[in-house]
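One structure is given here, and the rest of the page talks about it.
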Amino acid sequence: MKNVGIKGVSVACIAASLAISPLALAQDDDALIEEIMVTATKREQSIYEVPVAVSAFQGDQLAQQGIVDIIDIGKFVPNLNITQFSAGHNSSSNPFIRGIGLQDHLITTDPGVSVYVDGVYLGRQVGQNWSISNIERIEVLRGPQGTLYGRNSIGGAINIITKTPGEDPGAKVALEVGSRDRLNADFYGDAQLSDNVAVSLTGGFKKRGGVGTFLNLPNAGVRVGENEEVYGRVAFRFNVSDDATITIAGDANDGKGGLRPYTTLIDELPGGAVYAAGYRNSDVSRDPYDNNTGQASQALVTNKASGVAVTLDWDVTDTYNTKVIASSRKSEYKSGLDDDSFLDDLLSFPEIGDADQLSVEWQVSGNFDDWDFVSGLYYFTEDGSNNQDPTVFLTFPGTFYLQQDVTSQAVFANFGYNLSDKTRFSAGLRYTEDQKDAETNVGNGLYLDSRDFDELSWEVAANHSFDNGLNIYGTIQNGYQSGQYPARPFCLFGDGDGPGNDNDCFKATDNITATNYEIGIKGQPFDGFQMSAVVFFTQYSDLPYQISTTTGGGFNTTNAIVDQDSTGFEWESTFHVTDSFLFHATLGYIDVSIDSTAGIPLPTAVAPLTPELTASLSPEVHFDMDSGGEFVVRVDWSYRDEMYGEPTSDPGRLTKIDSRDLINFDIAYHTADGMWTTALYGRNATDERYDNARLNTGDYLLRILSNDVSEFGLRFVRNF
């Protein structure tokens with residue numbers, strides 16, 4: 001383990017001695033911590049009995065942890081790091097679990113961590129709405145989930161489960177005001193319209209001010225990093241019969257804001273193209289949160305998304321159930337980066353993107369005697385494009401265009417058998433076929449290519465429950481991701497072979513596969529103490545690392561292919577020190593070794609955006625008042641170790657990202673009747689400024705800065 005300094009060692013010691021995790025809490029009259037039920041394996045199980053590393057967050061506790069969007073989840077789960085890059089947009093999210101993820105967003109790239117909302121896979125993360133006001137639970141599954149979740153889950157999966165219409169009639173209105181011009185207002189209502197029809201309605205407005213100024217654009221109309229969004233969702237649940245329900249949900253969001261904070265460091269050495277053009281670092285804004293761009297078209301970023309989903313859930317018999325989840329979604333955005341970060345238009349990439357997806361999943365599950373199973377068929381299509389017009393790259397102005405159609409089909413089955421009341425064995429298979437049709441134009445004609453992929457994914461697992469409340473499990477999981485086309489194939493520029501030639505560089509990589517070996521123990525050994533400890537070893541084959549350079553007449557992004565081994569440990573716990581004092585903590589450690597590479601020198605190869613050590617500590621104290629109300633004081637501290645922004649540790653690449661400590665606090669008063677909550681909050685209270693990503697092209701270093709600066713305010717919640 002590398003030297004992480006006194007701070008990192010202290011975190012490890014404290015966390016290891018006290019135990020760890022924001023595993024969801026729910027209190028009742030009989031137990032300090034109620035057992036949480038999750039659907040990580042597409043069947044309802046106790047979180048302790050699921051043979052996979054999973055963290056769960058209850059929706060009604062997200063705000064007090066300072067969680068306002070999916071980015072914040074990445075602060076409290078071991079070996080999870082969620083960053084933002086994506087063409088300078090503020091609405092993107094790029095999860096990395098156990099060193100696997102993708103910081104890009106272009107249509108030919110696929111994330112290594114899948115995100116689901118109520119069973120619907122979200123193919124793209126730019127501009128997708130994520131509102132906490134209607135969230136029932138969030139589950140973070142770590143490790144390959146190829147059998148039940150399919151392609152693009154070789155790192156893990158994030159499940160967002162919304163509240164079911166009709167299950168908790170009532171309403172909630174929340175208002176949040178604070179520094180940085182924070183203004184959030186949202187509502188959630190749930191009503192039973194008749195004996196057989198229920199409806200839930202969610203809507204809101206979210207605004208946060210900027211962190212800097214576009215110095216050369218006095219009429220930009222926005223500040224660096226500001227956000228504004230309106231969103232809504234409506235869901236109807238129909239009881240067709242005593243055994244069957246149909247849920248129809250629709251959602252939409254519309255956002256706009258200012259280009260996220262970033263800055264550029266020019267390589268001031270002879271031979272660099274930007275340097276040779278006469279530019280120096282003095283041309284970039286002195287304050288990295290200001291921006292010297294002169295491109296008004298790139299100051300404003302926008303995003304829209306909408307979708308509809310229909311879910312049929314039918315208990316065919318007492319032992320068999322069938323479920324159909326069908327969804328159609330659309331998303332689009334406008335953004336882009338002026339990479340040079342100065343007035344002249346030397347390196348700029350204004351961008352628009354869109355994606356349409358359709359998915360259908362049919363599940364058949366059963367439970368009889370000692371056997372149970374979950375099986376199904378899956379179909380997914382996606383059609384998306386990215387267009388940069390005009391791309392300005394030094395002396396090469398023109399248009400960059402990228403488009404891809406994907407069709408994916410799968411069949412899967414997972415079987416479980418109870419060997420005894422305490423021991424269970426399970427196994428699963430999934431066969432997937434993918435087809436990708438891609439095309440690009442980098443200014444010299446249209447290049448097309450098509451490729452088919454297929455893979456058989458599998459898993460075996462066993463778990464055993466002890467009398468002391470602990471459960472031990474062992475799992476071998478296999479995951480799969482289809483090969484990927486290069487994101488920015490400017491290697492084609494000036495290609496004398498001409499479009500369509502077999503020697504062109506616009507080709508997809510081979511299948512990416514992962515096999516994970518994992519042993520864990522979790523449960524409640526005694527009332528008031530909840531824990532989970534996991535040791536894992538994962539082997540990845542043909543994993544693409546993105547390498548970007550300013551060669552080939554443009555900003556060229558290609559895939560370096562590596563074989564990677566990851567070994568690690570994860571710990572989560574919640575401890576009731578007393579009835580009124582809780583202590584949450586998390587610890588994650590990962591060691592990544594690169595066995596072979598194609599495109600990176602082995603001595604400098606590293607897993608990008610993968611901190612070796614992650615940790616969090618969260619004390620929470622409850623004070624009962626004479627009035628019957630309650631004060632709850634909570635502090636959340638999270639730590640992410642130093643990491644690299646791209647897959648090389650070469651000091652000349654300058655992509656090392658420093659470690660960071662973030663502190664949130666929440667002081668809330670709840671009235672005795674539970675109708676009102678008033679809270680004082682602080683997020684990133686120490687105003688830690690840190691990098692989200694770093695990218696070195698050889699001519700210049702691009703620093704993507706976090707939009708997460710300090711914020712303090714008040715939150716009001718009224719329940720009806």
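Each chain of the structure tokens is named A, B, ... in the order shown, its residues numbered from 1; ligands are numbered from 1 in display order.
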
task: Considering only C-alpha atoms, return as a list in words whatever protein or nucleic-acid residues lie within 8 Å of segment 292-298 of chain A, sequence-local ones (same chain, fewer than 2 positions apart) excluded.
output: Phe214, Leu215, Asn216, Leu217, Ala220, Leu259, Asp283, Val284, Ser285, Asp290, Leu300, Val301, Ser335, Gly336, Leu337, Asp338, Asp340, Ser341, Phe342, Leu343, Asp344, Asp345 and Pro350 of chain A

- prompt: DSSP on the backbone: what in segment 191-364 of chain A comes out helix (DSSP H, G or I), as a PyMOL selection string?
  reply: chain A and resi 273-276+281-283+296-298

Resulting file, chosen residues, N, CA and C atoms, as a PDB file, in the first residue's frame:
```pdb
ATOM      1  N   ALA A 273       2.112  22.001 -29.871  1.00  0.00           N
ATOM      2  CA  ALA A 273       1.387  22.718 -30.910  1.00  0.00           C
ATOM      3  C   ALA A 273       0.787  24.026 -30.390  1.00  0.00           C
ATOM      4  N   VAL A 274       0.231  24.001 -29.161  1.00  0.00           N
ATOM      5  CA  VAL A 274      -0.364  25.215 -28.612  1.00  0.00           C
ATOM      6  C   VAL A 274       0.729  26.243 -28.317  1.00  0.00           C
ATOM      7  N   TYR A 275       1.831  25.784 -27.760  1.00  0.00           N
ATOM      8  CA  TYR A 275       2.959  26.676 -27.490  1.00  0.00           C
ATOM      9  C   TYR A 275       3.499  27.261 -28.788  1.00  0.00           C
ATOM     10  N   ALA A 276       3.646  26.414 -29.808  1.00  0.00           N
ATOM     11  CA  ALA A 276       4.185  26.877 -31.089  1.00  0.00           C
ATOM     12  C   ALA A 276       3.277  27.901 -31.747  1.00  0.00           C
ATOM     13  N   ASN A 281       0.611  30.126 -20.649  1.00  0.00           N
ATOM     14  CA  ASN A 281      -0.312  29.938 -19.534  1.00  0.00           C
ATOM     15  C   ASN A 281      -0.839  31.266 -18.993  1.00  0.00           C
ATOM     16  N   SER A 282      -0.158  32.358 -19.294  1.00  0.00           N
ATOM     17  CA  SER A 282      -0.652  33.666 -18.882  1.00  0.00           C
ATOM     18  C   SER A 282      -1.918  34.061 -19.635  1.00  0.00           C
ATOM     19  N   ASP A 283      -2.244  33.353 -20.711  1.00  0.00           N
ATOM     20  CA  ASP A 283      -3.472  33.634 -21.459  1.00  0.00           C
ATOM     21  C   ASP A 283      -4.704  33.009 -20.800  1.00  0.00           C
ATOM     22  N   ALA A 296     -18.967  32.365 -26.983  1.00  0.00           N
ATOM     23  CA  ALA A 296     -20.267  32.536 -26.327  1.00  0.00           C
ATOM     24  C   ALA A 296     -21.162  31.317 -26.513  1.00  0.00           C
ATOM     25  N   SER A 297     -20.984  30.589 -27.602  1.00  0.00           N
ATOM     26  CA  SER A 297     -21.848  29.437 -27.875  1.00  0.00           C
ATOM     27  C   SER A 297     -21.630  28.302 -26.894  1.00  0.00           C
ATOM     28  N   GLN A 298     -20.529  28.331 -26.140  1.00  0.00           N
ATOM     29  CA  GLN A 298     -20.239  27.227 -25.239  1.00  0.00           C
ATOM     30  C   GLN A 298     -20.432  27.564 -23.767  1.00  0.00           C
TER      31      GLN A 298
END
```

Long-range neighbours of Leu141 of chain A as a tab-separated table (two decimals) with N, CA and C atoms, in the first residue's frame, 8 Å cut-off, only C-alpha atoms, 4 positions minimum in chain:
```tsv
chain	number	residue	atom	x	y	z
A	40	ALA	N	-31.75	-6.63	-4.85
A	40	ALA	CA	-30.53	-6.67	-5.63
A	40	ALA	C	-30.47	-7.87	-6.56
A	52	VAL	N	-23.82	-10.84	-2.31
A	52	VAL	CA	-23.12	-9.83	-3.10
A	52	VAL	C	-22.89	-8.63	-2.19
A	53	ALA	N	-21.82	-7.88	-2.44
A	53	ALA	CA	-21.56	-6.67	-1.67
A	53	ALA	C	-22.54	-5.59	-2.11
A	54	VAL	N	-23.39	-5.16	-1.21
A	54	VAL	CA	-24.42	-4.19	-1.55
A	54	VAL	C	-24.56	-3.17	-0.42
A	55	SER	N	-24.64	-1.90	-0.77
A	55	SER	CA	-24.93	-0.83	0.18
A	55	SER	C	-26.32	-0.30	-0.14
A	145	GLN	N	-22.03	-7.81	-12.34
A	145	GLN	CA	-23.42	-8.25	-12.16
A	145	GLN	C	-23.97	-8.74	-13.49
A	156	GLY	N	-20.29	-2.97	-11.58
A	156	GLY	CA	-21.37	-3.03	-10.60
A	156	GLY	C	-22.62	-2.40	-11.16
A	157	ALA	N	-23.59	-2.18	-10.28
A	157	ALA	CA	-24.87	-1.61	-10.70
A	157	ALA	C	-25.41	-0.72	-9.58
A	158	ILE	N	-26.12	0.33	-9.98
A	158	ILE	CA	-26.80	1.22	-9.04
A	158	ILE	C	-28.29	1.14	-9.33
A	159	ASN	N	-29.05	0.70	-8.35
A	159	ASN	CA	-30.51	0.59	-8.48
A	159	ASN	C	-31.17	1.73	-7.73
```

message: as a VMD selection string, please: the residues near Thr610 of chain A (cut-off 12 Å, only C-alpha atoms, same-chain neighbours under 5 positions excluded).
response: chain A and resid 78 to 83 95 to 103 566 588 to 593 640 to 648 656 to 659 692 to 693

- request: Would you please give, as an MDAnalysis selection string, all residues of segment 530-708 of chain A that DSSP assigns to strand (DSSP E) based on the backbone?
  value: chainID A and resid 530:549 556:576 581:598 613:624 630:640 643:644 656:657 660:670 676:683 691:696 700:705

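All residues of protein, DNA or RNA that reach within 9 Å of Gly443 of chain A, judged by only C-alpha atoms and not counting those fewer than 3 positions away in the chain, are Pro397, Gly398, Thr399, Phe400, Tyr401, Leu446, Phe490, Phe493 and Gly494 of chain A.
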
For those residues, write C-alpha atoms to a file as a PDB file, in the first residue's frame.
```pdb
ATOM      1  CA  PRO A 397     -11.741  23.729 -38.483  1.00  0.00           C
ATOM      2  CA  GLY A 398     -14.506  21.370 -39.536  1.00  0.00           C
ATOM      3  CA  THR A 399     -17.267  19.088 -38.281  1.00  0.00           C
ATOM      4  CA  PHE A 400     -16.995  16.026 -36.073  1.00  0.00           C
ATOM      5  CA  TYR A 401     -19.895  13.585 -36.179  1.00  0.00           C
ATOM      6  CA  LEU A 446     -18.217   9.136 -43.678  1.00  0.00           C
ATOM      7  CA  PHE A 490      -9.279  11.659 -35.573  1.00  0.00           C
ATOM      8  CA  PHE A 493      -8.139  12.475 -40.671  1.00  0.00           C
ATOM      9  CA  GLY A 494      -6.169  12.556 -43.890  1.00  0.00           C
TER      10      GLY A 494
END
```

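Among the candidate residues A:Ser408, A:Ser596, A:Asn684, A:Ser365, the one lying nearest to Leu662 of chain A is A:Asn684, with distances computed using only C-alpha atoms.
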
Tell me, as a PDB file with N, CA and C atoms, in the first residue's frame, which residues lie within 7 Å of Phe575 of chain A, counting only C-alpha atoms; anything in the same chain fewer than 3 positions away does not count.
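Output file around-v1.pdb follows:
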```pdb
ATOM      1  N   GLY A 528     -28.227  -3.444  17.618  1.00  0.00           N
ATOM      2  CA  GLY A 528     -27.575  -2.157  17.631  1.00  0.00           C
ATOM      3  C   GLY A 528     -26.262  -2.119  16.884  1.00  0.00           C
ATOM      4  N   PHE A 529     -25.821  -3.241  16.349  1.00  0.00           N
ATOM      5  CA  PHE A 529     -24.572  -3.261  15.590  1.00  0.00           C
ATOM      6  C   PHE A 529     -24.788  -4.013  14.285  1.00  0.00           C
ATOM      7  N   GLN A 530     -24.550  -3.345  13.188  1.00  0.00           N
ATOM      8  CA  GLN A 530     -24.743  -3.878  11.849  1.00  0.00           C
ATOM      9  C   GLN A 530     -23.426  -3.749  11.103  1.00  0.00           C
ATOM     10  N   LEU A 582     -25.489   7.210  17.318  1.00  0.00           N
ATOM     11  CA  LEU A 582     -25.173   6.250  16.264  1.00  0.00           C
ATOM     12  C   LEU A 582     -23.841   6.627  15.630  1.00  0.00           C
ATOM     13  N   PHE A 583     -23.175   5.607  15.120  1.00  0.00           N
ATOM     14  CA  PHE A 583     -21.908   5.865  14.433  1.00  0.00           C
ATOM     15  C   PHE A 583     -21.864   5.015  13.175  1.00  0.00           C
ATOM     16  N   HIS A 584     -21.771   5.687  12.013  1.00  0.00           N
ATOM     17  CA  HIS A 584     -21.682   5.011  10.726  1.00  0.00           C
ATOM     18  C   HIS A 584     -20.251   5.146  10.214  1.00  0.00           C
TER      19      HIS A 584
END
```

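Residues within 12 Å of Ala672 of chain A, counting only C-alpha atoms and excluding same-chain residues fewer than 4 positions away, are Asp624, Met625, Asp626, Ser627, Gly628, Gly629, Glu630, Phe631, Trp676 and Thr677 of chain A.
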
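Using only C-alpha atoms, the shortest contact distance between Asn556 of chain A and any of A:Ile519, A:Phe536, A:Leu358, A:Ala487 is found at A:Ala487.
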
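Interatomic distance, atom CA of Ile161 of chain A to atom CA of Ile138 of chain A: 6.1 Å.
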
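Atom to atom, atom CA of Glu139 of chain A and atom CA of Thr39 of chain A stand 8.4 Å apart.
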
- prompt: Hey, can you check how far atom CA of Leu347 of chain A sits from atom CA of Leu448 of chain A?
  reply: 26.3 Å

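Closest approach to Gly178 of chain A among A:Leu702, A:Ile71, A:Val562, A:Leu714 is made by A:Leu714 (distances from only C-alpha atoms).
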
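Minimum atom-to-atom distance to Ser450 of chain A, evaluated using only C-alpha atoms, belongs to A:Gln403 out of A:Leu346, A:Phe466, A:Gln403, A:Gly416.
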
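Take the candidates A:Phe425, A:Tyr121, A:Phe393, A:Phe555 and check each one against Tyr378 of chain A using only C-alpha atoms; the shortest distance goes to A:Tyr121.
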
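Taking only C-alpha atoms into account, Thr245 of chain A lies nearest to A:Lys323 out of the set A:Lys323, A:Arg715, A:Arg124, A:Arg694.
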